[in-house]
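Engineer: Structure incoming, see below.
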Amino acid sequence: MQRLEHEGDIAADYLEELLDIADLDGDLDMDVEGDRASVQIGGADLSQLVGRNGEVLEALQELTRLAVYRETGERSRLMLDIDGHRAQQRERLVALAETSIAEVRASGESVSLEPMSAFERKVVHDAVAAAGLTSESEGAEPKRHVVILPA
């Protein structure tokens with residue numbers, strides 16, 4: 001827990017510097033969720049830090065993880081959310097998973113979803129596991145996708 005809090009502190013310092021350089025206002029909130037540190041940035045219009053389909057957010061998360069690695073020498077699984085983008089994305093993905101799970105149960109056949117990022121696939125895998133089914137990722141980036149299997 002202490003290691004994850006330290007990762008969050010390093011990440012927050014890095015992100016505060018980045019916001020200052022970009023002359024953007026944002027409030028940072030750090031937390032530990034399960035087995036990873038989590039940093040959320042909220043504030044005025046931060047949509048440019050999210051980018052189209054979250055692409056800038058993904059890049060910022062990787063840069064922040066690298067900053068943590070530089071300080072600790074250990075790989076980080078830190079999650080970054082900006083303006084609740086990931087939280088909204090998670091809700092949408094859980095709803096998609098639930099619809100797909102119902103389809104698999106009704107048809108008895110597997111369902112392949114559209115290509116997704118690693119974060120998106122993890123959300124779907126978790127929802128499928130919680131429903132008592134199994135899923136797997138297939139394909140290669142950037143076309144890697146989730147397949148939900150019948151019981």
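Labels for the structure tokens follow display order: chains A, B, ..., residues from 1 in each chain, ligands from 1.
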Could you pull out the alpha helix (DSSP H) residues of region 1-34 of chain A from DSSP and send them as a ChimeraX atom specification?
Structural biologist: /A:2-21
Engineer: For those residues, write N, CA and C atoms to a file as a PDB file, in the first residue's frame.
Structural biologist:
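File result03.pdb, as written:
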```
ATOM      1  N   GLN A   2       1.929   1.245   0.821  1.00  0.00           N
ATOM      2  CA  GLN A   2       2.820   2.400   0.899  1.00  0.00           C
ATOM      3  C   GLN A   2       3.546   2.627  -0.432  1.00  0.00           C
ATOM      4  N   ARG A   3       3.924   1.529  -1.101  1.00  0.00           N
ATOM      5  CA  ARG A   3       4.588   1.637  -2.401  1.00  0.00           C
ATOM      6  C   ARG A   3       3.665   2.285  -3.423  1.00  0.00           C
ATOM      7  N   LEU A   4       2.373   1.897  -3.403  1.00  0.00           N
ATOM      8  CA  LEU A   4       1.408   2.447  -4.348  1.00  0.00           C
ATOM      9  C   LEU A   4       1.139   3.920  -4.065  1.00  0.00           C
ATOM     10  N   GLU A   5       1.084   4.286  -2.799  1.00  0.00           N
ATOM     11  CA  GLU A   5       0.905   5.699  -2.450  1.00  0.00           C
ATOM     12  C   GLU A   5       2.099   6.519  -2.924  1.00  0.00           C
ATOM     13  N   HIS A   6       3.303   5.952  -2.802  1.00  0.00           N
ATOM     14  CA  HIS A   6       4.507   6.626  -3.274  1.00  0.00           C
ATOM     15  C   HIS A   6       4.445   6.811  -4.798  1.00  0.00           C
ATOM     16  N   GLU A   7       3.985   5.789  -5.517  1.00  0.00           N
ATOM     17  CA  GLU A   7       3.817   5.908  -6.971  1.00  0.00           C
ATOM     18  C   GLU A   7       2.852   7.043  -7.297  1.00  0.00           C
ATOM     19  N   GLY A   8       1.744   7.113  -6.557  1.00  0.00           N
ATOM     20  CA  GLY A   8       0.762   8.173  -6.773  1.00  0.00           C
ATOM     21  C   GLY A   8       1.348   9.549  -6.538  1.00  0.00           C
ATOM     22  N   ASP A   9       2.177   9.691  -5.510  1.00  0.00           N
ATOM     23  CA  ASP A   9       2.822  10.974  -5.228  1.00  0.00           C
ATOM     24  C   ASP A   9       3.759  11.379  -6.360  1.00  0.00           C
ATOM     25  N   ILE A  10       4.554  10.437  -6.838  1.00  0.00           N
ATOM     26  CA  ILE A  10       5.475  10.715  -7.948  1.00  0.00           C
ATOM     27  C   ILE A  10       4.684  11.126  -9.192  1.00  0.00           C
ATOM     28  N   ALA A  11       3.626  10.376  -9.470  1.00  0.00           N
ATOM     29  CA  ALA A  11       2.795  10.660 -10.642  1.00  0.00           C
ATOM     30  C   ALA A  11       2.150  12.041 -10.524  1.00  0.00           C
ATOM     31  N   ALA A  12       1.638  12.360  -9.350  1.00  0.00           N
ATOM     32  CA  ALA A  12       0.990  13.656  -9.156  1.00  0.00           C
ATOM     33  C   ALA A  12       1.982  14.801  -9.355  1.00  0.00           C
ATOM     34  N   ASP A  13       3.179  14.650  -8.829  1.00  0.00           N
ATOM     35  CA  ASP A  13       4.206  15.686  -9.026  1.00  0.00           C
ATOM     36  C   ASP A  13       4.511  15.871 -10.507  1.00  0.00           C
ATOM     37  N   TYR A  14       4.666  14.761 -11.214  1.00  0.00           N
ATOM     38  CA  TYR A  14       4.959  14.808 -12.651  1.00  0.00           C
ATOM     39  C   TYR A  14       3.821  15.509 -13.404  1.00  0.00           C
ATOM     40  N   LEU A  15       2.584  15.119 -13.085  1.00  0.00           N
ATOM     41  CA  LEU A  15       1.428  15.677 -13.783  1.00  0.00           C
ATOM     42  C   LEU A  15       1.210  17.147 -13.443  1.00  0.00           C
ATOM     43  N   GLU A  16       1.483  17.539 -12.204  1.00  0.00           N
ATOM     44  CA  GLU A  16       1.376  18.956 -11.838  1.00  0.00           C
ATOM     45  C   GLU A  16       2.345  19.797 -12.656  1.00  0.00           C
ATOM     46  N   GLU A  17       3.563  19.293 -12.825  1.00  0.00           N
ATOM     47  CA  GLU A  17       4.550  19.993 -13.651  1.00  0.00           C
ATOM     48  C   GLU A  17       4.061  20.112 -15.083  1.00  0.00           C
ATOM     49  N   LEU A  18       3.512  19.030 -15.593  1.00  0.00           N
ATOM     50  CA  LEU A  18       3.001  19.017 -16.956  1.00  0.00           C
ATOM     51  C   LEU A  18       1.873  20.030 -17.127  1.00  0.00           C
ATOM     52  N   LEU A  19       0.955  20.082 -16.170  1.00  0.00           N
ATOM     53  CA  LEU A  19      -0.141  21.047 -16.233  1.00  0.00           C
ATOM     54  C   LEU A  19       0.388  22.478 -16.190  1.00  0.00           C
ATOM     55  N   ASP A  20       1.414  22.712 -15.365  1.00  0.00           N
ATOM     56  CA  ASP A  20       2.017  24.046 -15.294  1.00  0.00           C
ATOM     57  C   ASP A  20       2.647  24.431 -16.627  1.00  0.00           C
ATOM     58  N   ILE A  21       3.384  23.509 -17.223  1.00  0.00           N
ATOM     59  CA  ILE A  21       4.029  23.777 -18.508  1.00  0.00           C
ATOM     60  C   ILE A  21       2.986  24.091 -19.577  1.00  0.00           C
TER      61      ILE A  21
END
```
Engineer: For region 52-59 of chain A, work out the shell of residues within 9 Å, counting only C-alpha atoms and skipping chain neighbours fewer than 5 positions away, then give it as a ChimeraX atom specification.
Structural biologist: /A:47,64,80-82,85-86
Engineer: Nearest to Ser38 (chain A): which of A:Leu63, A:Leu78, A:Ile148, A:Met1 is it, counting only C-alpha atoms?
Structural biologist: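 Among the listed residues, A:Leu78 lies closest to Ser38 (chain A).
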Engineer: Would you kindly return, as a list in words, each protein, DNA or RNA residue with an atom no farther than 8 Å from any atom of Glu109 (chain A), considering only C-alpha atoms and excluding same-chain residues fewer than 5 positions away?
Structural biologist: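 Contacts, in chain order: Val104, Leu149 and Pro150 of chain A.
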Engineer: Let me see the file: selected residues, N, CA, C and O atoms, as a JSON list (two decimals), in the first residue's frame.
Structural biologist:
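Saved to part-v3.json:
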```
[["chain", "number", "residue", "atom", "x", "y", "z"],
["A", 104, "VAL", "N", -24.51, -14.26, -25.70],
["A", 104, "VAL", "CA", -23.81, -15.55, -25.62],
["A", 104, "VAL", "C", -24.68, -16.58, -24.92],
["A", 104, "VAL", "O", -24.80, -17.72, -25.37],
["A", 149, "LEU", "N", -16.86, -16.35, -24.47],
["A", 149, "LEU", "CA", -17.14, -17.76, -24.75],
["A", 149, "LEU", "C", -18.35, -18.25, -23.96],
["A", 149, "LEU", "O", -18.57, -17.84, -22.83],
["A", 150, "PRO", "N", -19.11, -19.18, -24.55],
["A", 150, "PRO", "CA", -20.25, -19.74, -23.80],
["A", 150, "PRO", "C", -19.75, -20.63, -22.66],
["A", 150, "PRO", "O", -18.61, -21.12, -22.70]]
```
Engineer: Contacts of Ser110 (chain A) at 12 Å or less, counting only C-alpha atoms, minus same-chain residues fewer than 3 places along, as a PyMOL selection string?
Structural biologist: chain A and resi 100-107+113+133-136+146-151
Engineer: Residues as selected, N, CA, C and O atoms, written as a PDB file, in the first residue's frame, can you do that?
Structural biologist:
```
ATOM      1  N   SER A 100     -23.522  -8.343 -24.464  1.00  0.00           N
ATOM      2  CA  SER A 100     -22.844  -9.441 -25.164  1.00  0.00           C
ATOM      3  C   SER A 100     -22.956 -10.751 -24.389  1.00  0.00           C
ATOM      4  O   SER A 100     -23.115 -11.826 -24.985  1.00  0.00           O
ATOM      5  N   ILE A 101     -22.876 -10.682 -23.059  1.00  0.00           N
ATOM      6  CA  ILE A 101     -23.029 -11.870 -22.216  1.00  0.00           C
ATOM      7  C   ILE A 101     -24.422 -12.454 -22.404  1.00  0.00           C
ATOM      8  O   ILE A 101     -24.581 -13.677 -22.547  1.00  0.00           O
ATOM      9  N   ALA A 102     -25.426 -11.599 -22.430  1.00  0.00           N
ATOM     10  CA  ALA A 102     -26.805 -12.055 -22.642  1.00  0.00           C
ATOM     11  C   ALA A 102     -26.937 -12.723 -24.005  1.00  0.00           C
ATOM     12  O   ALA A 102     -27.608 -13.759 -24.145  1.00  0.00           O
ATOM     13  N   GLU A 103     -26.273 -12.165 -25.006  1.00  0.00           N
ATOM     14  CA  GLU A 103     -26.300 -12.741 -26.357  1.00  0.00           C
ATOM     15  C   GLU A 103     -25.642 -14.124 -26.374  1.00  0.00           C
ATOM     16  O   GLU A 103     -26.155 -15.063 -26.987  1.00  0.00           O
ATOM     17  N   VAL A 104     -24.507 -14.256 -25.695  1.00  0.00           N
ATOM     18  CA  VAL A 104     -23.809 -15.547 -25.621  1.00  0.00           C
ATOM     19  C   VAL A 104     -24.680 -16.575 -24.917  1.00  0.00           C
ATOM     20  O   VAL A 104     -24.801 -17.720 -25.365  1.00  0.00           O
ATOM     21  N   ARG A 105     -25.306 -16.195 -23.822  1.00  0.00           N
ATOM     22  CA  ARG A 105     -26.166 -17.122 -23.078  1.00  0.00           C
ATOM     23  C   ARG A 105     -27.372 -17.537 -23.900  1.00  0.00           C
ATOM     24  O   ARG A 105     -27.788 -18.691 -23.858  1.00  0.00           O
ATOM     25  N   ALA A 106     -27.944 -16.606 -24.653  1.00  0.00           N
ATOM     26  CA  ALA A 106     -29.126 -16.907 -25.450  1.00  0.00           C
ATOM     27  C   ALA A 106     -28.800 -17.797 -26.647  1.00  0.00           C
ATOM     28  O   ALA A 106     -29.555 -18.723 -26.967  1.00  0.00           O
ATOM     29  N   SER A 107     -27.663 -17.527 -27.301  1.00  0.00           N
ATOM     30  CA  SER A 107     -27.325 -18.258 -28.521  1.00  0.00           C
ATOM     31  C   SER A 107     -26.468 -19.494 -28.262  1.00  0.00           C
ATOM     32  O   SER A 107     -26.435 -20.402 -29.084  1.00  0.00           O
ATOM     33  N   LEU A 113     -16.004  -9.050 -29.991  1.00  0.00           N
ATOM     34  CA  LEU A 113     -16.238  -7.618 -29.902  1.00  0.00           C
ATOM     35  C   LEU A 113     -15.262  -6.875 -30.810  1.00  0.00           C
ATOM     36  O   LEU A 113     -14.314  -7.460 -31.325  1.00  0.00           O
ATOM     37  N   LEU A 133     -18.754 -16.283 -16.878  1.00  0.00           N
ATOM     38  CA  LEU A 133     -18.333 -16.797 -18.181  1.00  0.00           C
ATOM     39  C   LEU A 133     -16.833 -16.558 -18.344  1.00  0.00           C
ATOM     40  O   LEU A 133     -16.197 -15.949 -17.497  1.00  0.00           O
ATOM     41  N   THR A 134     -16.300 -17.030 -19.458  1.00  0.00           N
ATOM     42  CA  THR A 134     -14.884 -16.803 -19.744  1.00  0.00           C
ATOM     43  C   THR A 134     -14.746 -16.001 -21.033  1.00  0.00           C
ATOM     44  O   THR A 134     -15.639 -16.001 -21.886  1.00  0.00           O
ATOM     45  N   SER A 135     -13.611 -15.346 -21.141  1.00  0.00           N
ATOM     46  CA  SER A 135     -13.320 -14.558 -22.336  1.00  0.00           C
ATOM     47  C   SER A 135     -11.826 -14.632 -22.590  1.00  0.00           C
ATOM     48  O   SER A 135     -11.051 -14.990 -21.708  1.00  0.00           O
ATOM     49  N   GLU A 136     -11.458 -14.303 -23.794  1.00  0.00           N
ATOM     50  CA  GLU A 136     -10.043 -14.263 -24.139  1.00  0.00           C
ATOM     51  C   GLU A 136      -9.807 -13.160 -25.151  1.00  0.00           C
ATOM     52  O   GLU A 136     -10.729 -12.757 -25.866  1.00  0.00           O
ATOM     53  N   VAL A 146     -11.766  -8.813 -27.765  1.00  0.00           N
ATOM     54  CA  VAL A 146     -12.242  -9.780 -26.783  1.00  0.00           C
ATOM     55  C   VAL A 146     -13.241 -10.713 -27.446  1.00  0.00           C
ATOM     56  O   VAL A 146     -14.098 -10.282 -28.220  1.00  0.00           O
ATOM     57  N   VAL A 147     -13.111 -11.996 -27.100  1.00  0.00           N
ATOM     58  CA  VAL A 147     -14.088 -13.000 -27.510  1.00  0.00           C
ATOM     59  C   VAL A 147     -14.698 -13.549 -26.225  1.00  0.00           C
ATOM     60  O   VAL A 147     -13.976 -14.015 -25.338  1.00  0.00           O
ATOM     61  N   ILE A 148     -16.019 -13.464 -26.126  1.00  0.00           N
ATOM     62  CA  ILE A 148     -16.734 -13.981 -24.960  1.00  0.00           C
ATOM     63  C   ILE A 148     -17.219 -15.384 -25.312  1.00  0.00           C
ATOM     64  O   ILE A 148     -17.883 -15.576 -26.334  1.00  0.00           O
ATOM     65  N   LEU A 149     -16.862 -16.346 -24.471  1.00  0.00           N
ATOM     66  CA  LEU A 149     -17.139 -17.760 -24.748  1.00  0.00           C
ATOM     67  C   LEU A 149     -18.353 -18.251 -23.959  1.00  0.00           C
ATOM     68  O   LEU A 149     -18.569 -17.838 -22.825  1.00  0.00           O
ATOM     69  N   PRO A 150     -19.111 -19.179 -24.548  1.00  0.00           N
ATOM     70  CA  PRO A 150     -20.245 -19.742 -23.799  1.00  0.00           C
ATOM     71  C   PRO A 150     -19.746 -20.630 -22.657  1.00  0.00           C
ATOM     72  O   PRO A 150     -18.607 -21.118 -22.696  1.00  0.00           O
ATOM     73  N   ALA A 151     -20.614 -20.838 -21.678  1.00  0.00           N
ATOM     74  CA  ALA A 151     -20.232 -21.645 -20.513  1.00  0.00           C
ATOM     75  C   ALA A 151     -20.058 -23.105 -20.894  1.00  0.00           C
ATOM     76  O   ALA A 151     -20.582 -23.616 -21.817  1.00  0.00           O
TER      77      ALA A 151
END
```
